[in-house]
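Read the structure below first, then the notes.
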Amino acid sequence: MDAENFSIITNGLAKSFGSVKAVNGLNLSVPVGTRFGLLGPNGAGKTTTVRMLSGLMKPTRGSASVCGYDIVSQKSDVKAISGLLPETPGLYSKLSATEFLEFIGALNRLHGEILYERIDALLSILGLEGRQNDLLESYSSGMKQKVLIAATLLHEPRVVFLDEPTSRLDPSASALVKELILALAEETNTTFFICTHMTSFAQDICDVIGILNEGELVTVGPPDAVVEAANAHSLEDAYLKIVGGKVDREALLAWR
């Protein structure tokens with residue numbers, strides 16, 4: 001395997017918390033420029049996987065690299081070339097959007113004209129022009145999520161980890177994020193690693209998906225191939241067949 005053609009490579013990656021195996025022997029190769037979606041129910045190990053790959057959490061065993069950098073021995077390099085939007089991020093509510101992005105820029109050694117051009121461009125794309133100098137405490141949850149997306153993309157990372165990126169967005173804002181991801185992936189060769197439980201979002205945005213269940217990768221491939229292999233009529237149907245979750249209507253109505 002030519003590692004230069006892959007943004008993410010994992011070999012037997014695993015993380016345990018005591019007797020609980022959150023991620024169990026993950027073997028995965030994500031080519032450069034791929035929009036990879038990691039699907040799975042709550043507790044399947046999606047967030048743990050992202051935390052390991054982004055250098056925030058040390059694996060129990062196995063290995064992984066991001067853009068050729070080892071996630072343990074070279075985690076500073078991994079953090080420098082990647083962007084992370086966690087599921088429950090924090091914001092400094094007493095800062096304005098511009099001030100917050102200036103702070104994020106400083107952390108990534110960005111300054112001057114380049115930094116402000118990127119801030120203006122991202123805030124404009126995300127529809128926040130005119131509110132950039134308002135305190136973040138006055139923003140709606142969806143607006144805050146947009147600022148966090150801007151912060152994640154500010155330093156033009158080669159790999160972007162997104163954990164439930166549309167969880168607090170309305171449909172129009174979600175559509176905007178989809179277009180932004182598609183444009184960046186196609187025009188800049190950015191690799192996106194997206195954790196989500198929203199099958200419709202994954203089907204629209206991802207060219208490869210993996211389904212994680214109880215810490216194990218149970219299937220991986222293009223969305224259409226996963227649907228076909230599961231003999232399903234949609235990705236949602238395939239997902240439910242693979243991980244379970246079908247509603248037993250007779251049992252549900254048995255009390256009547």
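Every chain in the structure tokens takes a letter, A first, then B, and so on in the order presented; its residues are numbered from 1, and the ligands are numbered from 1 following the presented order.
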From a backbone DSSP assignment, name each residue in range 82-219 of chain A labelled alpha helix (DSSP H), as a CSV table (one decimal) with all heavy atoms, in the first residue's frame.
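Result saved to selection.csv:
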chain,number,residue,atom,x,y,z
A,97,ALA,N,-17.4,36.6,17.2
A,97,ALA,CA,-17.0,35.6,16.3
A,97,ALA,C,-15.6,35.8,15.7
A,97,ALA,O,-14.8,34.9,15.7
A,97,ALA,CB,-18.0,35.4,15.1
A,98,THR,N,-15.4,37.1,15.4
A,98,THR,CA,-14.0,37.5,14.9
A,98,THR,C,-13.0,37.3,15.9
A,98,THR,O,-11.9,36.7,15.6
A,98,THR,CB,-14.1,38.9,14.4
A,98,THR,OG1,-15.0,39.1,13.3
A,98,THR,CG2,-12.7,39.4,13.9
A,99,GLU,N,-13.2,37.7,17.1
A,99,GLU,CA,-12.2,37.5,18.2
A,99,GLU,C,-11.9,36.1,18.5
A,99,GLU,O,-10.8,35.7,18.7
A,99,GLU,CB,-12.7,38.2,19.5
A,99,GLU,CG,-12.7,39.7,19.4
A,99,GLU,CD,-13.4,40.4,20.5
A,99,GLU,OE1,-14.3,39.7,21.2
A,99,GLU,OE2,-13.2,41.6,20.8
A,100,PHE,N,-13.0,35.2,18.4
A,100,PHE,CA,-12.8,33.8,18.7
A,100,PHE,C,-11.9,33.2,17.6
A,100,PHE,O,-11.0,32.4,17.8
A,100,PHE,CB,-14.1,33.1,18.7
A,100,PHE,CG,-14.0,31.6,18.9
A,100,PHE,CD1,-13.6,31.0,20.1
A,100,PHE,CD2,-14.3,30.7,17.9
A,100,PHE,CE1,-13.5,29.7,20.3
A,100,PHE,CE2,-14.2,29.4,18.0
A,100,PHE,CZ,-13.8,28.8,19.2
A,101,LEU,N,-12.2,33.6,16.3
A,101,LEU,CA,-11.4,33.0,15.2
A,101,LEU,C,-10.0,33.6,15.2
A,101,LEU,O,-9.1,32.9,14.7
A,101,LEU,CB,-12.1,33.3,13.9
A,101,LEU,CG,-13.5,32.6,13.7
A,101,LEU,CD1,-14.2,33.0,12.4
A,101,LEU,CD2,-13.3,31.1,13.7
A,102,GLU,N,-9.8,34.8,15.7
A,102,GLU,CA,-8.5,35.4,15.8
A,102,GLU,C,-7.7,34.5,16.8
A,102,GLU,O,-6.5,34.2,16.6
A,102,GLU,CB,-8.5,36.8,16.3
A,102,GLU,CG,-9.0,37.8,15.3
A,102,GLU,CD,-9.2,39.2,15.8
A,102,GLU,OE1,-9.2,39.3,17.1
A,102,GLU,OE2,-9.2,40.2,15.1
A,103,PHE,N,-8.3,34.1,17.9
A,103,PHE,CA,-7.7,33.3,18.9
A,103,PHE,C,-7.3,31.9,18.3
A,103,PHE,O,-6.2,31.4,18.5
A,103,PHE,CB,-8.7,33.1,20.1
A,103,PHE,CG,-8.3,32.1,21.1
A,103,PHE,CD1,-7.2,32.3,21.9
A,103,PHE,CD2,-9.0,30.9,21.2
A,103,PHE,CE1,-6.8,31.3,22.8
A,103,PHE,CE2,-8.6,29.9,22.2
A,103,PHE,CZ,-7.5,30.1,23.0
A,104,ILE,N,-8.3,31.3,17.6
A,104,ILE,CA,-8.0,30.0,17.0
A,104,ILE,C,-6.9,30.1,15.9
A,104,ILE,O,-6.0,29.3,15.8
A,104,ILE,CB,-9.3,29.5,16.3
A,104,ILE,CG1,-10.4,29.2,17.3
A,104,ILE,CG2,-8.9,28.2,15.5
A,104,ILE,CD1,-10.0,28.2,18.4
A,105,GLY,N,-6.8,31.2,15.2
A,105,GLY,CA,-5.8,31.5,14.3
A,105,GLY,C,-4.4,31.6,14.9
A,105,GLY,O,-3.4,31.0,14.5
A,106,ALA,N,-4.4,32.3,16.1
A,106,ALA,CA,-3.1,32.4,16.8
A,106,ALA,C,-2.6,31.0,17.3
A,106,ALA,O,-1.4,30.8,17.3
A,106,ALA,CB,-3.3,33.3,18.0
A,107,LEU,N,-3.5,30.2,17.7
A,107,LEU,CA,-3.1,28.8,18.1
A,107,LEU,C,-2.5,28.0,17.0
A,107,LEU,O,-1.7,27.2,17.2
A,107,LEU,CB,-4.4,28.1,18.7
A,107,LEU,CG,-5.0,28.6,20.0
A,107,LEU,CD1,-6.2,27.7,20.3
A,107,LEU,CD2,-3.9,28.5,21.1
A,112,GLY,N,-2.1,38.3,10.6
A,112,GLY,CA,-2.0,39.3,9.6
A,112,GLY,C,-3.1,39.1,8.5
A,112,GLY,O,-4.2,38.6,8.8
A,113,GLU,N,-2.8,39.6,7.3
A,113,GLU,CA,-3.7,39.6,6.2
A,113,GLU,C,-4.3,38.3,5.9
A,113,GLU,O,-5.5,38.1,5.6
A,113,GLU,CB,-3.1,40.2,5.0
A,113,GLU,CG,-4.0,40.5,3.8
A,113,GLU,CD,-3.3,41.2,2.7
A,113,GLU,OE1,-2.2,41.7,2.8
A,113,GLU,OE2,-4.0,41.3,1.6
A,114,ILE,N,-3.5,37.2,5.9
A,114,ILE,CA,-3.9,35.9,5.5
A,114,ILE,C,-5.0,35.4,6.5
A,114,ILE,O,-6.1,34.9,6.1
A,114,ILE,CB,-2.8,34.9,5.5
A,114,ILE,CG1,-1.8,35.2,4.4
A,114,ILE,CG2,-3.3,33.4,5.4
A,114,ILE,CD1,-0.6,34.3,4.4
A,115,LEU,N,-4.8,35.7,7.8
A,115,LEU,CA,-5.8,35.3,8.8
A,115,LEU,C,-7.1,36.0,8.6
A,115,LEU,O,-8.2,35.3,8.5
A,115,LEU,CB,-5.3,35.6,10.2
A,115,LEU,CG,-6.3,35.3,11.3
A,115,LEU,CD1,-6.7,33.9,11.4
A,115,LEU,CD2,-5.6,35.8,12.7
A,116,TYR,N,-7.1,37.3,8.4
A,116,TYR,CA,-8.3,38.1,8.3
A,116,TYR,C,-9.0,37.8,7.0
A,116,TYR,O,-10.3,37.8,6.9
A,116,TYR,CB,-8.0,39.5,8.5
A,116,TYR,CG,-7.7,39.9,9.9
A,116,TYR,CD1,-6.4,40.1,10.3
A,116,TYR,CD2,-8.7,39.9,10.9
A,116,TYR,CE1,-6.1,40.3,11.6
A,116,TYR,CE2,-8.4,40.1,12.2
A,116,TYR,CZ,-7.1,40.3,12.6
A,116,TYR,OH,-6.8,40.6,13.9
A,117,GLU,N,-8.3,37.5,5.9
A,117,GLU,CA,-8.9,37.1,4.7
A,117,GLU,C,-9.7,35.8,4.8
A,117,GLU,O,-10.8,35.6,4.4
A,117,GLU,CB,-7.9,36.9,3.6
A,117,GLU,CG,-7.4,38.2,3.0
A,117,GLU,CD,-6.3,38.0,1.9
A,117,GLU,OE1,-5.9,36.8,1.7
A,117,GLU,OE2,-5.9,39.0,1.3
A,118,ARG,N,-9.1,34.8,5.6
A,118,ARG,CA,-9.8,33.5,5.8
A,118,ARG,C,-11.0,33.7,6.7
A,118,ARG,O,-12.0,33.1,6.5
A,118,ARG,CB,-8.8,32.5,6.4
A,118,ARG,CG,-7.7,32.1,5.4
A,118,ARG,CD,-6.8,31.1,6.0
A,118,ARG,NE,-5.7,30.8,5.2
A,118,ARG,CZ,-4.7,29.9,5.5
A,118,ARG,NH1,-4.7,29.3,6.6
A,118,ARG,NH2,-3.7,29.7,4.7
A,119,ILE,N,-10.9,34.5,7.7
A,119,ILE,CA,-12.0,34.8,8.6
A,119,ILE,C,-13.2,35.4,7.9
A,119,ILE,O,-14.3,34.9,8.0
A,119,ILE,CB,-11.6,35.7,9.8
A,119,ILE,CG1,-10.6,35.0,10.8
A,119,ILE,CG2,-12.8,36.2,10.6
A,119,ILE,CD1,-10.1,35.8,11.9
A,120,ASP,N,-12.9,36.4,7.1
A,120,ASP,CA,-13.9,37.1,6.3
A,120,ASP,C,-14.6,36.1,5.4
A,120,ASP,O,-15.8,36.1,5.2
A,120,ASP,CB,-13.4,38.3,5.6
A,120,ASP,CG,-13.0,39.4,6.5
A,120,ASP,OD1,-13.4,39.4,7.7
A,120,ASP,OD2,-12.2,40.3,6.1
A,121,ALA,N,-13.8,35.3,4.7
A,121,ALA,CA,-14.3,34.4,3.7
A,121,ALA,C,-15.2,33.4,4.3
A,121,ALA,O,-16.3,33.1,3.8
A,121,ALA,CB,-13.2,33.8,2.9
A,122,LEU,N,-14.8,32.8,5.4
A,122,LEU,CA,-15.6,31.7,6.0
A,122,LEU,C,-16.8,32.3,6.7
A,122,LEU,O,-17.9,31.7,6.5
A,122,LEU,CB,-14.7,31.0,7.1
A,122,LEU,CG,-13.7,30.1,6.6
A,122,LEU,CD1,-12.7,29.7,7.7
A,122,LEU,CD2,-14.3,28.8,6.0
A,123,LEU,N,-16.8,33.4,7.3
A,123,LEU,CA,-18.0,34.0,7.9
A,123,LEU,C,-19.0,34.4,6.8
A,123,LEU,O,-20.2,34.3,7.0
A,123,LEU,CB,-17.6,35.2,8.8
A,123,LEU,CG,-16.8,34.9,10.1
A,123,LEU,CD1,-16.5,36.2,10.8
A,123,LEU,CD2,-17.6,33.9,11.0
A,124,SER,N,-18.5,34.8,5.7
A,124,SER,CA,-19.4,35.2,4.6
A,124,SER,C,-20.0,33.9,4.0
A,124,SER,O,-21.2,33.9,3.8
A,124,SER,CB,-18.6,35.9,3.5
A,124,SER,OG,-19.4,36.2,2.4
A,125,ILE,N,-19.2,32.9,3.8
A,125,ILE,CA,-19.8,31.7,3.2
A,125,ILE,C,-20.8,31.1,4.1
A,125,ILE,O,-21.9,30.6,3.7
A,125,ILE,CB,-18.6,30.6,3.0
A,125,ILE,CG1,-17.7,31.1,1.9
A,125,ILE,CG2,-19.2,29.2,2.7
A,125,ILE,CD1,-16.4,30.2,1.8
A,141,SER,N,-27.9,28.5,18.7
A,141,SER,CA,-27.0,27.3,18.7
A,141,SER,C,-26.5,26.9,17.3
A,141,SER,O,-25.4,26.5,17.1
A,141,SER,CB,-27.8,26.1,19.3
A,141,SER,OG,-29.0,25.8,18.5
A,142,GLY,N,-27.4,27.2,16.3
A,142,GLY,CA,-27.0,26.9,14.9
A,142,GLY,C,-25.9,27.9,14.5
A,142,GLY,O,-24.9,27.5,13.8
A,143,MET,N,-26.0,29.2,14.9
A,143,MET,CA,-24.9,30.1,14.5
A,143,MET,C,-23.6,29.8,15.2
A,143,MET,O,-22.5,29.9,14.6
A,143,MET,CB,-25.4,31.5,14.9
A,143,MET,CG,-26.6,32.1,14.1
A,143,MET,SD,-27.2,33.6,14.8
A,143,MET,CE,-25.9,34.7,14.6
A,144,LYS,N,-23.7,29.3,16.4
A,144,LYS,CA,-22.5,28.9,17.1
A,144,LYS,C,-21.8,27.7,16.4
A,144,LYS,O,-20.6,27.7,16.3
A,144,LYS,CB,-22.8,28.5,18.6
A,144,LYS,CG,-23.2,29.7,19.5
A,144,LYS,CD,-23.6,29.3,20.9
A,144,LYS,CE,-24.0,30.4,21.7
A,144,LYS,NZ,-24.5,30.0,23.1
A,145,GLN,N,-22.6,26.8,15.9
A,145,GLN,CA,-22.1,25.7,15.2
A,145,GLN,C,-21.4,26.1,14.0
A,145,GLN,O,-20.3,25.6,13.6
A,145,GLN,CB,-23.2,24.7,14.9
A,145,GLN,CG,-22.7,23.4,14.3
A,145,GLN,CD,-22.1,22.4,15.3
A,145,GLN,OE1,-21.8,22.8,16.4
A,145,GLN,NE2,-22.0,21.1,14.9
A,146,LYS,N,-21.9,27.1,13.3
A,146,LYS,CA,-21.3,27.7,12.1
A,146,LYS,C,-19.9,28.3,12.4
A,146,LYS,O,-18.9,28.1,11.7
A,146,LYS,CB,-22.2,28.7,11.4
A,146,LYS,CG,-23.4,28.2,10.8
A,146,LYS,CD,-24.2,29.3,10.1
A,146,LYS,CE,-25.4,28.9,9.4
A,146,LYS,NZ,-26.2,30.0,8.8
A,147,VAL,N,-19.8,29.0,13.5
A,147,VAL,CA,-18.5,29.6,14.0
A,147,VAL,C,-17.5,28.4,14.2
A,147,VAL,O,-16.4,28.5,13.9
A,147,VAL,CB,-18.7,30.5,15.2
A,147,VAL,CG1,-17.4,30.9,15.7
A,147,VAL,CG2,-19.6,31.7,14.9
A,148,LEU,N,-18.0,27.4,14.9
A,148,LEU,CA,-17.1,26.3,15.2
A,148,LEU,C,-16.6,25.6,13.9
A,148,LEU,O,-15.5,25.1,13.8
A,148,LEU,CB,-17.8,25.3,16.1
A,148,LEU,CG,-18.1,25.8,17.5
A,148,LEU,CD1,-19.1,24.9,18.2
A,148,LEU,CD2,-16.8,25.7,18.3
A,149,ILE,N,-17.5,25.5,12.9
A,149,ILE,CA,-17.1,24.9,11.6
A,149,ILE,C,-16.0,25.8,11.0
A,149,ILE,O,-15.0,25.3,10.5
A,149,ILE,CB,-18.3,24.8,10.7
A,149,ILE,CG1,-19.2,23.6,11.2
A,149,ILE,CG2,-17.9,24.5,9.3
A,149,ILE,CD1,-20.6,23.5,10.5
A,150,ALA,N,-16.2,27.1,11.1
A,150,ALA,CA,-15.2,28.1,10.6
A,150,ALA,C,-13.9,27.9,11.3
A,150,ALA,O,-12.8,27.9,10.7
A,150,ALA,CB,-15.7,29.5,10.7
A,151,ALA,N,-14.0,27.7,12.6
A,151,ALA,CA,-12.7,27.5,13.4
A,151,ALA,C,-12.0,26.2,13.0
A,151,ALA,O,-10.8,26.2,12.9
A,151,ALA,CB,-13.1,27.5,14.9
A,152,THR,N,-12.8,25.2,12.7
A,152,THR,CA,-12.2,23.9,12.3
A,152,THR,C,-11.5,24.0,10.9
A,152,THR,O,-10.4,23.4,10.7
A,152,THR,CB,-13.3,22.9,12.2
A,152,THR,OG1,-14.0,22.8,13.4
A,152,THR,CG2,-12.7,21.5,11.8
A,153,LEU,N,-12.0,24.8,10.0
A,153,LEU,CA,-11.4,25.0,8.7
A,153,LEU,C,-10.4,26.1,8.5
A,153,LEU,O,-9.8,26.2,7.5
A,153,LEU,CB,-12.6,25.2,7.7
A,153,LEU,CG,-13.7,24.1,7.6
A,153,LEU,CD1,-14.8,24.5,6.7
A,153,LEU,CD2,-13.1,22.8,7.1
A,171,PRO,N,-32.4,22.8,8.5
A,171,PRO,CA,-32.1,22.2,7.2
A,171,PRO,C,-31.4,23.0,6.2
A,171,PRO,O,-30.5,22.5,5.5
A,171,PRO,CB,-33.6,21.9,6.7
A,171,PRO,CG,-34.4,21.7,8.0
A,171,PRO,CD,-33.8,22.7,9.0
A,172,SER,N,-31.6,24.3,6.2
A,172,SER,CA,-30.9,25.2,5.3
A,172,SER,C,-29.4,25.3,5.6
A,172,SER,O,-28.6,25.3,4.7
A,172,SER,CB,-31.5,26.6,5.2
A,172,SER,OG,-31.4,27.2,6.5
A,173,ALA,N,-29.1,25.4,6.9
A,173,ALA,CA,-27.7,25.4,7.3
A,173,ALA,C,-27.0,24.1,7.1
A,173,ALA,O,-25.9,24.1,6.7
A,173,ALA,CB,-27.6,25.8,8.8
A,174,SER,N,-27.7,23.0,7.3
A,174,SER,CA,-27.2,21.7,7.0
A,174,SER,C,-26.8,21.5,5.5
A,174,SER,O,-25.8,21.0,5.2
A,174,SER,CB,-28.2,20.6,7.4
A,174,SER,OG,-28.4,20.6,8.8
A,175,ALA,N,-27.7,22.1,4.7
A,175,ALA,CA,-27.5,22.0,3.2
A,175,ALA,C,-26.2,22.8,2.9
A,175,ALA,O,-25.4,22.4,2.0
A,175,ALA,CB,-28.7,22.5,2.5
A,176,LEU,N,-26.1,24.0,3.6
A,176,LEU,CA,-24.9,24.8,3.3
A,176,LEU,C,-23.6,24.1,3.7
A,176,LEU,O,-22.6,24.1,3.0
A,176,LEU,CB,-25.0,26.1,4.1
A,176,LEU,CG,-23.9,27.1,4.0
A,176,LEU,CD1,-23.8,27.6,2.6
A,176,LEU,CD2,-24.1,28.3,5.0
A,177,VAL,N,-23.6,23.4,4.8
A,177,VAL,CA,-22.5,22.6,5.3
A,177,VAL,C,-22.1,21.5,4.3
A,177,VAL,O,-21.0,21.3,4.0
A,177,VAL,CB,-22.7,22.0,6.7
A,177,VAL,CG1,-21.6,21.1,7.1
A,177,VAL,CG2,-22.8,23.2,7.7
A,178,LYS,N,-23.2,20.9,3.7
A,178,LYS,CA,-22.9,19.8,2.7
A,178,LYS,C,-22.2,20.4,1.5
A,178,LYS,O,-21.2,19.8,1.0
A,178,LYS,CB,-24.3,19.2,2.3
A,178,LYS,CG,-25.0,18.3,3.3
A,178,LYS,CD,-26.3,17.8,2.7
A,178,LYS,CE,-27.1,17.0,3.7
A,178,LYS,NZ,-28.4,16.5,3.1
A,179,GLU,N,-22.7,21.5,1.0
A,179,GLU,CA,-22.1,22.2,-0.1
A,179,GLU,C,-20.6,22.6,0.2
A,179,GLU,O,-19.7,22.5,-0.7
A,179,GLU,CB,-22.9,23.4,-0.6
A,179,GLU,CG,-24.3,23.0,-1.2
A,179,GLU,CD,-24.2,22.1,-2.3
A,179,GLU,OE1,-23.3,22.3,-3.2
A,179,GLU,OE2,-24.9,21.1,-2.4
A,180,LEU,N,-20.4,23.1,1.4
A,180,LEU,CA,-19.1,23.5,1.8
A,180,LEU,C,-18.1,22.3,1.8
A,180,LEU,O,-17.0,22.4,1.3
A,180,LEU,CB,-19.1,24.1,3.1
A,180,LEU,CG,-17.8,24.7,3.7
A,180,LEU,CD1,-17.3,25.8,2.8
A,180,LEU,CD2,-18.0,25.3,5.1
A,181,ILE,N,-18.5,21.2,2.3
A,181,ILE,CA,-17.7,20.0,2.4
A,181,ILE,C,-17.4,19.5,1.0
A,181,ILE,O,-16.3,19.1,0.6
A,181,ILE,CB,-18.4,18.9,3.2
A,181,ILE,CG1,-18.4,19.3,4.7
A,181,ILE,CG2,-17.7,17.5,3.1
A,181,ILE,CD1,-19.3,18.4,5.6
A,182,LEU,N,-18.5,19.4,0.1
A,182,LEU,CA,-18.3,18.9,-1.2
A,182,LEU,C,-17.3,19.8,-2.0
A,182,LEU,O,-16.4,19.3,-2.7
A,182,LEU,CB,-19.6,18.9,-2.0
A,182,LEU,CG,-20.6,17.8,-1.5
A,182,LEU,CD1,-22.0,18.0,-2.1
A,182,LEU,CD2,-20.1,16.4,-1.9
A,183,ALA,N,-17.4,21.1,-1.9
A,183,ALA,CA,-16.5,22.0,-2.6
A,183,ALA,C,-15.1,21.9,-2.1
A,183,ALA,O,-14.2,21.9,-2.9
A,183,ALA,CB,-17.0,23.5,-2.4
A,184,LEU,N,-14.9,21.9,-0.8
A,184,LEU,CA,-13.5,21.8,-0.3
A,184,LEU,C,-12.9,20.4,-0.7
A,184,LEU,O,-11.7,20.4,-1.0
A,184,LEU,CB,-13.6,21.9,1.2
A,184,LEU,CG,-13.8,23.3,1.8
A,184,LEU,CD1,-14.0,23.3,3.3
A,184,LEU,CD2,-12.6,24.2,1.4
A,185,ALA,N,-13.7,19.3,-0.6
A,185,ALA,CA,-13.1,18.0,-0.9
A,185,ALA,C,-12.7,18.0,-2.4
A,185,ALA,O,-11.7,17.4,-2.7
A,185,ALA,CB,-14.1,16.9,-0.6
A,186,GLU,N,-13.5,18.6,-3.2
A,186,GLU,CA,-13.2,18.5,-4.7
A,186,GLU,C,-12.2,19.5,-5.1
A,186,GLU,O,-11.4,19.2,-6.0
A,186,GLU,CB,-14.5,18.7,-5.4
A,186,GLU,CG,-15.5,17.6,-5.2
A,186,GLU,CD,-16.9,17.9,-5.8
A,186,GLU,OE1,-17.1,19.0,-6.4
A,186,GLU,OE2,-17.8,17.0,-5.7
A,187,GLU,N,-12.2,20.7,-4.5
A,187,GLU,CA,-11.3,21.7,-5.0
A,187,GLU,C,-9.9,21.7,-4.3
A,187,GLU,O,-8.9,22.2,-4.9
A,187,GLU,CB,-11.9,23.1,-4.9
A,187,GLU,CG,-13.2,23.2,-5.7
A,187,GLU,CD,-13.9,24.6,-5.5
A,187,GLU,OE1,-13.2,25.5,-4.9
A,187,GLU,OE2,-15.0,24.7,-5.9
A,188,THR,N,-9.8,21.2,-3.1
A,188,THR,CA,-8.6,21.3,-2.3
A,188,THR,C,-8.0,19.9,-2.0
A,188,THR,O,-7.0,19.9,-1.3
A,188,THR,CB,-8.8,22.1,-1.0
A,188,THR,OG1,-9.7,21.4,-0.2
A,188,THR,CG2,-9.4,23.4,-1.3
A,199,THR,N,-28.2,8.9,8.3
A,199,THR,CA,-27.9,8.2,7.1
A,199,THR,C,-28.2,9.0,5.9
A,199,THR,O,-27.5,8.9,4.9
A,199,THR,CB,-28.8,6.9,7.0
A,199,THR,OG1,-30.2,7.2,7.2
A,199,THR,CG2,-28.4,5.9,8.1
A,200,SER,N,-29.2,9.9,5.9
A,200,SER,CA,-29.4,10.8,4.8
A,200,SER,C,-28.3,11.7,4.5
A,200,SER,O,-27.9,11.9,3.3
A,200,SER,CB,-30.7,11.6,5.0
A,200,SER,OG,-30.6,12.4,6.1
A,201,PHE,N,-27.7,12.3,5.6
A,201,PHE,CA,-26.6,13.1,5.4
A,201,PHE,C,-25.4,12.4,4.8
A,201,PHE,O,-24.7,12.8,3.9
A,201,PHE,CB,-26.2,13.7,6.8
A,201,PHE,CG,-25.0,14.7,6.7
A,201,PHE,CD1,-25.1,16.0,6.3
A,201,PHE,CD2,-23.7,14.2,7.1
A,201,PHE,CE1,-24.0,16.8,6.3
A,201,PHE,CE2,-22.6,15.1,7.1
A,201,PHE,CZ,-22.8,16.4,6.7
A,202,ALA,N,-25.1,11.2,5.4
A,202,ALA,CA,-24.0,10.4,4.9
A,202,ALA,C,-24.2,10.0,3.4
A,202,ALA,O,-23.2,10.0,2.6
A,202,ALA,CB,-23.9,9.1,5.7
A,203,GLN,N,-25.4,9.6,3.0
A,203,GLN,CA,-25.6,9.2,1.6
A,203,GLN,C,-25.4,10.4,0.7
A,203,GLN,O,-25.0,10.2,-0.4
A,203,GLN,CB,-27.0,8.7,1.5
A,203,GLN,CG,-27.3,8.0,0.2
A,203,GLN,CD,-28.4,7.0,0.2
A,203,GLN,OE1,-29.3,7.0,1.1
A,203,GLN,NE2,-28.4,6.0,-0.7
A,204,ASP,N,-25.8,11.6,1.1
A,204,ASP,CA,-25.7,12.8,0.3
A,204,ASP,C,-24.2,13.3,0.1
A,204,ASP,O,-23.8,13.8,-0.9
A,204,ASP,CB,-26.5,14.0,0.8
A,204,ASP,CG,-28.0,13.8,0.7
A,204,ASP,OD1,-28.4,12.9,-0.1
A,204,ASP,OD2,-28.8,14.5,1.3
A,205,ILE,N,-23.4,13.1,1.2
A,205,ILE,CA,-22.1,13.8,1.2
A,205,ILE,C,-20.9,12.8,1.1
A,205,ILE,O,-19.9,13.2,0.6
A,205,ILE,CB,-22.0,14.5,2.6
A,205,ILE,CG1,-21.0,15.7,2.4
A,205,ILE,CG2,-21.6,13.6,3.7
A,205,ILE,CD1,-21.5,16.8,1.6
Long-range neighbours of Ala44 in chain A as an NGL selection string, 7 Å cut-off, only C-alpha atoms, 5 positions minimum in chain | :A and (212-215)
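Picture a line from CA of Cys206 in chain A to CA of Ala232 in chain A; it runs 18.1 Å.
Of the residues under consideration (A:Gln132, A:Asn24, A:Ser16, A:Ser96), A:Ser16 shows the shortest atom-to-atom contact distance to Lys58 in chain A when counting only C-alpha atoms.
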Name all residues at most 8 Å from Ser7 in chain A (count only C-alpha atoms; drop same-chain ones fewer than 6 positions away) and give them as a ChimeraX atom specification.
-> /A:29-33,65-68,159,191
Close residues, Met57 in chain A itself excluded, 9 Å, only C-alpha atoms, min 6 positions apart in chain, as a PyMOL selection string | chain A and resi 15+48-51+71-72
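Between Ser93 in chain A and the candidates A:Ser140, A:Asn108, A:Thr47, A:Thr60, the tightest atom-to-atom separation, counting only C-alpha atoms, involves A:Ser140.
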Strand (DSSP E) residues, from DSSP on the backbone, in range 16-238 of chain A, as number ranges by chain = A: 16-17, 20-31, 35-39, 61-66, 69-70, 82-85, 159-163, 191-196, 208-213, 216-221
If you count only C-alpha atoms, the residue of A:Gly25, A:Leu53, A:Leu126, A:Asp163 closest to Ile9 in chain A turns out to be A:Leu53
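Among the candidate residues A:Gly12, A:Gly127, A:Pro165, A:Gly210, the one lying nearest to Ala64 in chain A is A:Gly12, with distances computed using only C-alpha atoms.
Proximity to Ile242 in chain A at 12 Å, evaluated using only C-alpha atoms and with sequence-adjacent residues fewer than 4 positions away removed, yields Leu39, Gly40, Pro41, Gly210, Ile211, Leu212, Asn213, Glu214, Leu217, Val218, Thr219, Val220, Val226, Val227, Ala229, Ala230, Asn231, Ala232, Leu235, Glu236, Asp237, Ala238 and Lys246 of chain A.
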